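Quick look at work13.tsv (TSV, C-alpha atoms):
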chain	number	residue	atom	x	y	z
D	611	MET	CA	0.00	0.00	0.00
D	612	ASP	CA	2.79	2.43	0.94
D	613	ALA	CA	4.78	1.55	-2.17
D	614	ARG	CA	1.72	2.38	-4.26
D	615	LYS	CA	1.32	5.69	-2.48
D	616	ASN	CA	4.72	6.76	-3.86
D	617	ASP	CA	3.74	5.86	-7.39
D	618	PRO	CA	1.73	8.72	-8.88
D	619	ALA	CA	0.53	6.55	-11.79
D	620	ALA	CA	-1.02	4.02	-9.38
D	621	ILE	CA	-2.77	6.75	-7.43
D	622	ASP	CA	-4.05	8.32	-10.63
D	623	ALA	CA	-5.46	4.98	-11.79
D	624	ASP	CA	-7.40	4.70	-8.54
D	625	ARG	CA	-8.82	8.17	-8.76
D	626	GLU	CA	-9.62	8.26	-12.43
D	627	MET	CA	-12.93	7.94	-14.21
D	628	VAL	CA	-12.68	7.27	-17.91
D	629	ILE	CA	-15.35	7.76	-20.56
D	630	THR	CA	-14.74	7.13	-24.27
D	631	ARG	CA	-16.84	7.79	-27.31
D	632	LEU	CA	-16.38	7.09	-31.00
D	633	ILE	CA	-17.62	10.08	-32.97
D	634	ASP	CA	-18.58	9.92	-36.63
D	635	ALA	CA	-16.58	12.93	-37.81
D	636	PRO	CA	-12.93	13.71	-38.69
D	637	ARG	CA	-10.62	14.58	-35.79
D	638	GLU	CA	-10.01	18.21	-36.84
D	639	LEU	CA	-13.74	18.89	-36.86
D	640	VAL	CA	-14.34	17.16	-33.52
D	641	TRP	CA	-11.47	19.17	-32.04
D	642	GLU	CA	-12.97	22.38	-33.44
D	643	ALA	CA	-16.44	21.58	-32.04
D	644	MET	CA	-15.06	20.73	-28.59
D	645	THR	CA	-12.62	23.61	-28.18
D	646	ASN	CA	-14.11	26.57	-30.03
D	647	PRO	CA	-16.42	28.48	-27.66
D	648	LYS	CA	-18.93	29.27	-30.40
D	649	HIS	CA	-19.51	25.52	-30.84
D	650	VAL	CA	-19.14	24.33	-27.23
D	651	VAL	CA	-22.25	26.15	-25.99
D	652	HIS	CA	-24.38	24.06	-28.39
D	653	TRP	CA	-23.67	20.64	-26.87
D	654	TRP	CA	-22.17	21.02	-23.40
D	655	GLY	CA	-24.28	19.52	-20.61
D	656	PRO	CA	-27.07	16.99	-20.22
D	657	ASN	CA	-30.36	17.06	-22.16
D	658	GLY	CA	-32.38	20.20	-21.58
D	659	PHE	CA	-29.43	22.34	-20.44
D	660	THR	CA	-28.36	25.59	-22.08
D	661	ASN	CA	-25.14	27.56	-21.57
D	662	THR	CA	-24.14	31.18	-21.24
D	663	LEU	CA	-20.49	31.55	-22.08
D	664	GLU	CA	-18.62	34.18	-20.10
D	665	LYS	CA	-15.13	33.43	-21.30
D	666	MET	CA	-13.26	30.66	-23.08
D	667	ASP	CA	-9.68	31.79	-23.39
D	668	PHE	CA	-8.36	28.70	-25.16
D	669	ARG	CA	-4.65	28.76	-24.33
D	670	VAL	CA	-2.51	27.32	-21.53
D	671	GLY	CA	-3.29	29.34	-18.41
D	672	GLY	CA	-6.47	30.68	-20.01
D	673	GLU	CA	-9.78	30.67	-18.19
D	674	TRP	CA	-12.99	28.95	-19.26
D	675	SER	CA	-16.06	30.12	-17.42
D	676	HIS	CA	-19.68	29.61	-18.28
D	677	ILE	CA	-23.02	29.18	-16.58
D	678	MET	CA	-25.09	26.10	-17.25
D	679	HIS	CA	-28.84	26.61	-17.03
D	680	GLY	CA	-30.76	23.55	-15.92
D	681	PRO	CA	-34.21	22.68	-17.29
D	682	ASP	CA	-35.78	23.83	-13.99
D	683	GLY	CA	-34.07	27.25	-14.21
D	684	THR	CA	-31.25	26.45	-11.78
D	685	ASP	CA	-27.88	27.95	-12.69
D	686	TYR	CA	-24.62	26.05	-12.34
D	687	PRO	CA	-21.50	28.19	-12.68
D	688	ASN	CA	-18.43	26.44	-14.11
D	689	LYS	CA	-14.87	27.65	-14.02
D	690	SER	CA	-11.77	25.93	-15.35
D	691	ILE	CA	-8.17	26.78	-16.23
D	692	PHE	CA	-6.50	25.17	-19.25
D	693	THR	CA	-3.23	23.56	-18.21
D	694	ALA	CA	-2.12	21.82	-21.42
D	695	ILE	CA	-3.09	22.03	-25.09
D	696	VAL	CA	-1.61	19.87	-27.90
D	697	GLU	CA	-3.49	20.77	-31.07
D	698	HIS	CA	-5.84	18.03	-32.37
D	699	GLU	CA	-4.51	15.64	-29.71
D	700	ARG	CA	-4.99	16.58	-26.09
D	701	ILE	CA	-6.40	19.16	-23.69
D	702	GLU	CA	-5.98	19.30	-19.94
D	703	PHE	CA	-7.77	21.59	-17.54
D	704	SER	CA	-8.47	21.85	-13.88
D	705	HIS	CA	-12.04	22.50	-12.91
D	706	GLY	CA	-12.35	24.81	-9.97
D	707	GLY	CA	-9.50	26.99	-11.15
D	708	LYS	CA	-6.73	25.47	-9.08
D	709	ARG	CA	-3.73	23.33	-9.87
D	710	LYS	CA	-3.55	19.55	-10.32
D	711	GLY	CA	-3.06	17.73	-7.04
D	712	ASP	CA	-4.39	20.61	-4.99
D	713	PRO	CA	-6.88	19.14	-2.52
D	714	ASP	CA	-9.29	21.97	-3.30
D	715	THR	CA	-9.41	21.17	-7.00
D	716	ASN	CA	-12.80	19.76	-7.87
D	717	PHE	CA	-11.41	17.62	-10.65
D	718	TYR	CA	-8.68	17.49	-13.21
D	719	ALA	CA	-9.70	16.60	-16.75
D	720	THR	CA	-7.80	15.29	-19.76
D	721	TRP	CA	-9.44	14.95	-23.16
D	722	THR	CA	-7.62	13.02	-25.89
D	723	PHE	CA	-8.50	12.77	-29.58
D	724	GLU	CA	-7.49	9.84	-31.84
D	725	THR	CA	-8.28	9.09	-35.47
D	726	VAL	CA	-9.97	5.71	-35.98
D	727	GLY	CA	-10.55	5.27	-39.72
D	728	LYS	CA	-12.98	8.04	-40.67
D	729	GLN	CA	-14.07	8.46	-37.07
D	730	THR	CA	-12.58	10.02	-33.95
D	731	ARG	CA	-12.19	8.47	-30.56
D	732	VAL	CA	-12.54	10.97	-27.73
D	733	THR	CA	-11.42	9.89	-24.27
D	734	ILE	CA	-12.44	11.93	-21.24
D	735	ARG	CA	-10.41	11.28	-18.12
D	736	GLY	CA	-11.49	12.84	-14.87
D	737	LEU	CA	-9.23	12.73	-11.86
D	738	PHE	CA	-11.37	13.08	-8.74
D	739	PRO	CA	-10.02	13.40	-5.20
D	740	THR	CA	-12.73	11.00	-4.01
D	741	ALA	CA	-12.76	8.58	-6.94
D	742	GLU	CA	-11.18	5.78	-4.91
D	743	ALA	CA	-14.10	5.91	-2.49
D	744	LEU	CA	-16.54	6.23	-5.40
D	745	ASN	CA	-15.18	3.21	-7.24
D	746	PHE	CA	-15.33	1.18	-4.05
D	747	ALA	CA	-18.96	2.19	-3.56
D	748	VAL	CA	-19.87	1.11	-7.09
D	749	LYS	CA	-18.10	-2.24	-6.75
D	750	THR	CA	-19.47	-3.07	-3.32
D	751	TYR	CA	-22.98	-1.92	-4.09
D	752	GLY	CA	-22.86	-3.84	-7.36
D	753	ALA	CA	-21.78	-6.97	-5.47
D	754	ILE	CA	-24.64	-6.62	-2.97
D	755	GLU	CA	-27.19	-5.99	-5.71
D	756	GLY	CA	-25.76	-8.84	-7.79
D	757	GLY	CA	-25.99	-11.12	-4.75
D	758	GLU	CA	-29.60	-10.16	-4.17
D	759	GLN	CA	-30.48	-10.80	-7.80
D	760	THR	CA	-28.82	-14.19	-7.61
D	761	LEU	CA	-30.81	-15.01	-4.48
D	762	ALA	CA	-34.02	-13.78	-6.13
D	763	ARG	CA	-33.34	-16.00	-9.15
D	764	LEU	CA	-32.62	-18.91	-6.86
D	765	ALA	CA	-35.85	-18.27	-4.96
D	766	GLY	CA	-37.76	-18.11	-8.26
D	767	TYR	CA	-36.17	-21.35	-9.40
D	768	LEU	CA	-36.86	-23.10	-6.09
D	769	SER	CA	-40.52	-22.08	-6.21
D	770	LYS	CA	-40.86	-23.85	-9.57
D	771	ILE	CA	-39.40	-27.22	-8.61
O	234	MET	CA	-13.13	27.93	9.65
O	235	GLY	CA	-11.30	24.65	10.25
O	236	ALA	CA	-12.96	21.28	9.80
O	237	ARG	CA	-13.22	20.79	13.56
O	238	GLY	CA	-14.84	24.20	14.10
O	239	MET	CA	-17.14	23.46	11.23
O	240	HIS	CA	-18.28	20.19	12.76
O	241	SER	CA	-19.05	21.64	16.18
O	242	THR	CA	-20.97	24.51	14.60
O	243	LEU	CA	-22.94	22.02	12.53
O	244	ALA	CA	-23.67	20.01	15.67
O	245	GLU	CA	-25.00	23.16	17.35
O	246	ALA	CA	-27.31	23.79	14.42
O	247	GLY	CA	-28.84	20.46	15.41
O	248	GLY	CA	-29.38	19.32	11.85
O	249	ARG	CA	-31.92	21.98	10.90
O	250	ILE	CA	-31.31	21.92	7.23
O	251	HIS	CA	-31.57	25.62	6.54
O	252	ASP	CA	-29.32	26.52	9.49
O	253	VAL	CA	-26.73	24.02	8.31
O	254	TYR	CA	-26.90	25.52	4.84
O	255	VAL	CA	-26.42	29.07	6.17
O	256	ILE	CA	-23.33	27.91	8.09
O	257	TYR	CA	-21.98	26.19	4.99
O	258	ARG	CA	-22.57	29.33	2.95
O	259	ARG	CA	-20.93	31.67	5.47
O	260	ALA	CA	-17.92	29.36	5.62
O	261	GLY	CA	-17.67	29.55	1.83
O	262	PHE	CA	-18.48	25.83	1.47
O	263	ALA	CA	-21.74	26.37	-0.40
O	264	ARG	CA	-23.14	28.89	-2.76
O	265	ARG	CA	-26.67	29.65	-3.81
O	266	VAL	CA	-27.36	29.04	-7.47
O	267	GLY	CA	-31.11	29.29	-7.70
O	268	ARG	CA	-34.13	30.32	-5.73
O	269	SER	CA	-37.87	29.79	-5.77
O	270	PRO	CA	-40.55	30.62	-3.17
O	271	THR	CA	-40.29	27.15	-1.61
O	272	TYR	CA	-36.64	26.25	-1.84
O	273	GLU	CA	-33.16	27.41	-2.59
O	274	ALA	CA	-30.81	25.40	-4.77
O	275	ALA	CA	-27.19	25.42	-3.73
O	276	ILE	CA	-23.94	23.79	-4.67
O	277	LEU	CA	-21.76	22.50	-1.90
O	278	ASP	CA	-18.34	23.80	-2.76
O	279	ASN	CA	-16.33	21.39	-0.68
O	280	GLY	CA	-14.16	20.04	-3.44
O	281	MET	CA	-16.07	16.94	-4.32
O	282	LEU	CA	-19.73	17.68	-4.75
O	283	ALA	CA	-19.64	20.70	-7.00
O	284	PRO	CA	-18.51	19.05	-10.25
O	285	LEU	CA	-21.53	16.84	-10.50
O	286	TYR	CA	-24.00	19.60	-9.88
O	287	LEU	CA	-25.52	17.95	-6.88
O	288	THR	CA	-28.10	20.37	-5.69
O	289	ILE	CA	-29.48	20.44	-2.23
O	290	ARG	CA	-33.07	21.40	-2.10
O	291	LEU	CA	-33.51	23.35	1.04
O	292	ILE	CA	-37.05	23.48	2.21
O	293	LYS	CA	-36.88	26.41	4.53
O	294	GLY	CA	-37.45	25.60	8.18
O	295	ASN	CA	-37.80	21.92	7.50
O	296	THR	CA	-35.74	19.39	9.39
O	297	ILE	CA	-35.20	16.68	6.79
O	298	ALA	CA	-31.70	15.29	6.47
O	299	MET	CA	-29.44	16.94	3.95
O	300	PRO	CA	-28.45	14.33	1.36
O	301	ALA	CA	-25.27	16.10	0.28
O	302	ASP	CA	-24.01	16.14	3.85
O	303	ARG	CA	-24.62	12.42	4.18
O	304	LEU	CA	-22.69	11.89	0.98
O	305	SER	CA	-19.75	13.84	2.45
O	306	ARG	CA	-19.82	11.54	5.47
O	307	THR	CA	-19.95	8.50	3.20
O	308	PHE	CA	-16.85	9.72	1.36
O	309	ALA	CA	-15.02	10.53	4.57
O	310	ALA	CA	-15.79	7.06	5.92
O	311	LEU	CA	-14.73	5.35	2.68
O	312	ALA	CA	-11.45	7.29	2.48
O	313	ASP	CA	-9.76	4.85	4.90
O	314	PRO	CA	-8.48	1.50	3.51
O	315	THR	CA	-9.18	-0.39	6.78
O	316	ARG	CA	-12.78	0.78	6.76
O	317	ARG	CA	-13.14	-0.24	3.11
O	318	ALA	CA	-11.77	-3.68	4.00
O	319	ILE	CA	-14.27	-3.94	6.87
O	320	LEU	CA	-17.12	-3.07	4.51
O	321	ALA	CA	-15.90	-5.52	1.89
O	322	ARG	CA	-15.98	-8.24	4.55
O	323	LEU	CA	-19.47	-7.19	5.69
O	324	ALA	CA	-20.71	-7.40	2.10
O	325	LEU	CA	-20.36	-11.18	2.54
O	326	GLY	CA	-22.69	-11.24	5.52
O	327	GLU	CA	-23.06	-10.22	9.16
O	328	ILE	CA	-20.24	-10.93	11.57
O	329	SER	CA	-19.18	-10.17	15.16
O	330	VAL	CA	-16.57	-7.53	16.06
O	331	THR	CA	-14.15	-10.22	17.28
O	332	GLU	CA	-14.37	-12.12	13.98
O	333	LEU	CA	-14.08	-8.85	12.06
O	334	ALA	CA	-10.94	-7.80	13.98
O	335	ALA	CA	-9.13	-11.15	13.45
O	336	PRO	CA	-7.56	-10.55	9.99
O	337	PHE	CA	-6.54	-6.93	10.73
O	338	GLU	CA	-3.94	-7.46	13.49
O	339	MET	CA	-5.80	-4.78	15.34
O	340	SER	CA	-7.19	-4.58	18.84
O	341	ALA	CA	-10.95	-4.85	19.29
O	342	PRO	CA	-11.13	-1.21	20.54
O	343	ALA	CA	-9.32	-0.01	17.37
O	344	VAL	CA	-11.82	-1.88	15.22
O	345	THR	CA	-14.68	-0.50	17.31
O	346	LYS	CA	-13.42	3.02	16.56
O	347	HIS	CA	-13.61	2.35	12.81
O	348	LEU	CA	-17.06	0.80	13.25
O	349	LYS	CA	-18.26	3.96	14.98
O	350	VAL	CA	-17.21	6.07	11.99
O	351	LEU	CA	-18.97	3.65	9.64
O	352	GLU	CA	-22.05	3.59	11.85
O	353	SER	CA	-22.32	7.39	12.03
O	354	ALA	CA	-22.05	7.54	8.23
O	355	GLY	CA	-24.96	5.07	8.06
O	356	LEU	CA	-22.82	2.51	6.24
O	357	ILE	CA	-23.33	-0.16	8.87
O	358	SER	CA	-25.79	-0.93	11.63
O	359	ARG	CA	-25.35	-3.09	14.71
O	360	SER	CA	-28.03	-5.34	16.04
O	361	ARG	CA	-29.23	-4.50	19.55
O	362	GLN	CA	-31.06	-7.82	19.90
O	363	ALA	CA	-28.34	-10.40	19.87
O	364	GLN	CA	-25.81	-10.56	22.71
O	365	TRP	CA	-22.89	-10.53	20.24
O	366	ARG	CA	-24.24	-7.46	18.39
O	367	PRO	CA	-23.41	-8.47	14.81
O	368	CYS	CA	-22.58	-5.77	12.23
O	369	HIS	CA	-24.60	-5.43	9.03
O	370	LEU	CA	-23.72	-3.51	5.91
O	371	GLU	CA	-26.25	-0.84	4.90
O	372	ALA	CA	-26.46	-0.47	1.13
O	373	THR	CA	-28.24	2.90	0.80
O	374	PRO	CA	-25.24	5.26	1.28
O	375	LEU	CA	-23.21	3.11	-1.12
O	376	GLN	CA	-26.02	3.31	-3.63
O	377	GLU	CA	-26.05	7.12	-3.30
O	378	ALA	CA	-22.30	7.34	-3.84
O	379	ALA	CA	-22.62	5.03	-6.83
O	380	GLY	CA	-25.38	7.30	-8.15
O	381	PHE	CA	-22.91	10.16	-8.05
O	382	ILE	CA	-20.74	8.38	-10.64
O	383	GLU	CA	-23.82	7.57	-12.66
O	384	GLN	CA	-24.61	11.30	-12.83
O	385	TYR	CA	-21.11	12.03	-14.14
O	386	ARG	CA	-21.42	9.29	-16.76
O	387	GLN	CA	-24.81	10.60	-17.83
O	388	PHE	CA	-23.48	14.12	-18.14
O	389	TRP	CA	-21.00	12.90	-20.75
O	390	GLU	CA	-23.30	10.42	-22.49
O	391	GLN	CA	-25.87	13.15	-23.08
O	392	SER	CA	-23.29	15.80	-23.98
O	393	PHE	CA	-21.82	13.42	-26.56
O	394	ASP	CA	-25.29	12.67	-27.96
O	395	ARG	CA	-25.82	16.39	-28.39
O	396	LEU	CA	-22.35	16.78	-29.90
O	397	ASP	CA	-23.17	14.03	-32.45
O	398	ILE	CA	-26.28	15.88	-33.59
O	399	TYR	CA	-24.47	19.21	-33.65
O	400	LEU	CA	-21.61	17.78	-35.74
O	401	GLN	CA	-24.08	16.36	-38.25
O	402	GLN	CA	-25.59	19.83	-38.60
O	403	LEU	CA	-22.14	21.39	-38.99
O	404	GLN	CA	-21.14	18.89	-41.67
O	405	ALA	CA	-24.41	19.33	-43.55
O	406	GLN	CA	-23.91	23.10	-43.42
O	407	GLU	CA	-20.32	22.76	-44.65
O	408	LYS	CA	-21.43	20.63	-47.59
O	409	LYS	CA	-24.14	23.12	-48.49
O	410	ASN	CA	-21.82	26.13	-48.32
O	411	GLY	CA	-18.97	24.35	-50.13
O	412	ARG	CA	-15.63	25.85	-49.24
O	413	LYS	CA	-16.91	29.35	-48.48
O	414	LYS	CA	-17.64	28.49	-44.87
O	415	LYS	CA	-14.70	27.70	-42.49
Can the structure in the file be given as structure tokens, please?
Amino acid sequence: MDARKNDPAAIDADREMVITRLIDAPRELVWEAMTNPKHVVHWWGPNGFTNTLEKMDFRVGGEWSHIMHGPDGTDYPNKSIFTAIVEHERIEFSHGGKRKGDPDTNFYATWTFETVGKQTRVTIRGLFPTAEALNFAVKTYGAIEGGEQTLARLAGYLSKI
Amino acid sequence: MGARGMHSTLAEAGGRIHDVYVIYRRAGFARRVGRSPTYEAAILDNGMLAPLYLTIRLIKGNTIAMPADRLSRTFAALADPTRRAILARLALGEISVTELAAPFEMSAPAVTKHLKVLESAGLISRSRQAQWRPCHLEATPLQEAAGFIEQYRQFWEQSFDRLDIYLQQLQAQEKKNGRKKK
């Protein structure tokens, strides 16, 4: 356990949540739609949300702030600082405006873009301070639920014989 | 305000949800993001709840438990590897403190201390009937924490769905306008 604590990669793996998506468009266009503020406001956020962009200064050290408007009229302010940009390949930013590793940082995000034939694979990595606890919760809860389903199936089977 | 000061102030508020919220807000841990005649929506800005837009609906003057606060306690309880190991063992079924302590090379009082943290977070309960007071795992807080991840996943699933549609529109527009647009 202590040896792992000294290995930043191991810690990151524990705290990371990864989401990938294959998008049916060339990489340059996907990059443009995901990094140009005039496009971002059109898709960012869950169904029914709209966005008011305050600032998207797309350069390392630049600030990205916008307000998300929920379907019930609730506002959710967002603020991030870009920490790395490799054109058409990778973006990193810290949400909450602080540096990576800072305990006050809400999360640290990395987006990567890869060409897959005529499509583009986008990978969203979120580094959360509490992800280790979160992943444990998912696994344990899943095990309990799975156990209950197994027992329910068994009960159903037993009632038939 | 330090964490300790925060906790004693919260204890004084006695769990009245609006009072707790006011204390959170004054300490800079929460901010109001919406308001209606019956409730205020706020984001807890404590470094883990804000990104997933967990709102607390504060029914003024009401004394219902604040879900976001319970989630914080769940996370705090799960942050310790020994406590996670205890929970993992309890997922297999109820067990006595003595049996639970055996694999940890830990004294029974040390294990009891961890159990108290887990119990106050609602992650376990202890039977008062049986003499040996077995510990049970409570699934609800785990389910809530798991729901937190689900919300994050949904945020991206739906954003990507919207991005797909938007990109189709962009490409159709580009085709229509030939090379003029760009």
Could you check how far CA of Phe703 in chain D sits from CA of Lys689 in chain D, in Å to one decimal?
->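 Computing the Euclidean distance for CA of Phe703 in chain D and CA of Lys689 in chain D yields 10.0 Å.
Put simply, CA of Gly658 in chain D is 9.1 Å away from CA of Asp682 in chain D.
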Atomic distance CA of Gly671 in chain D - CA of Thr730 in chain D, expressed in Å with one decimal | 26.5 Å
With a distance cut-off of 9 Å and all atoms listed in the file, select the neighbouring residues of range 319-326 of chain O, excluding the residue or stretch itself and same-chain residues fewer than 6 positions from it, and output the selection as a list of chain:residue names.
-> D:Phe746, D:Thr750, D:Tyr751, D:Ala753, D:Ile754, O:Leu311, O:Leu333, O:Ala334, O:Val344, O:His347, O:Leu348, O:Leu351, O:Leu356, O:Ile357, O:Cys368, O:His369, O:Leu370
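For Ala635 in chain D, the list of residues within 9 Å, based on all atoms listed in the file and with local chain neighbours fewer than 2 positions off taken out, reads Leu632, Ile633, Arg637, Glu638, Leu639, Val640, Lys728, Gln729 and Thr730 of chain D; Asp397, Leu400, Gln401 and Gln404 of chain O.
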O:Ser358, O:Thr331, O:Gln364, O:Gln384: which is nearest chain D, counting all atoms listed in the file?
-> O:Gln384
Residues at most 9 Å from range 387-389 of chain O, counting only C-alpha atoms, excluding those fewer than 5 positions away in the same chain, as a list of chain:residue names?
->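 The residues satisfying every condition are D:Ile629, D:Trp654, D:Gly655, D:Pro656, D:Asn657, D:Ile734, O:Leu285, O:Ile382, O:Asp394.
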Counting all atoms listed in the file, which of O:Ser353, O:Gln391, O:Gln362, O:Gln406 gets nearest to chain D?
-> O:Gln391
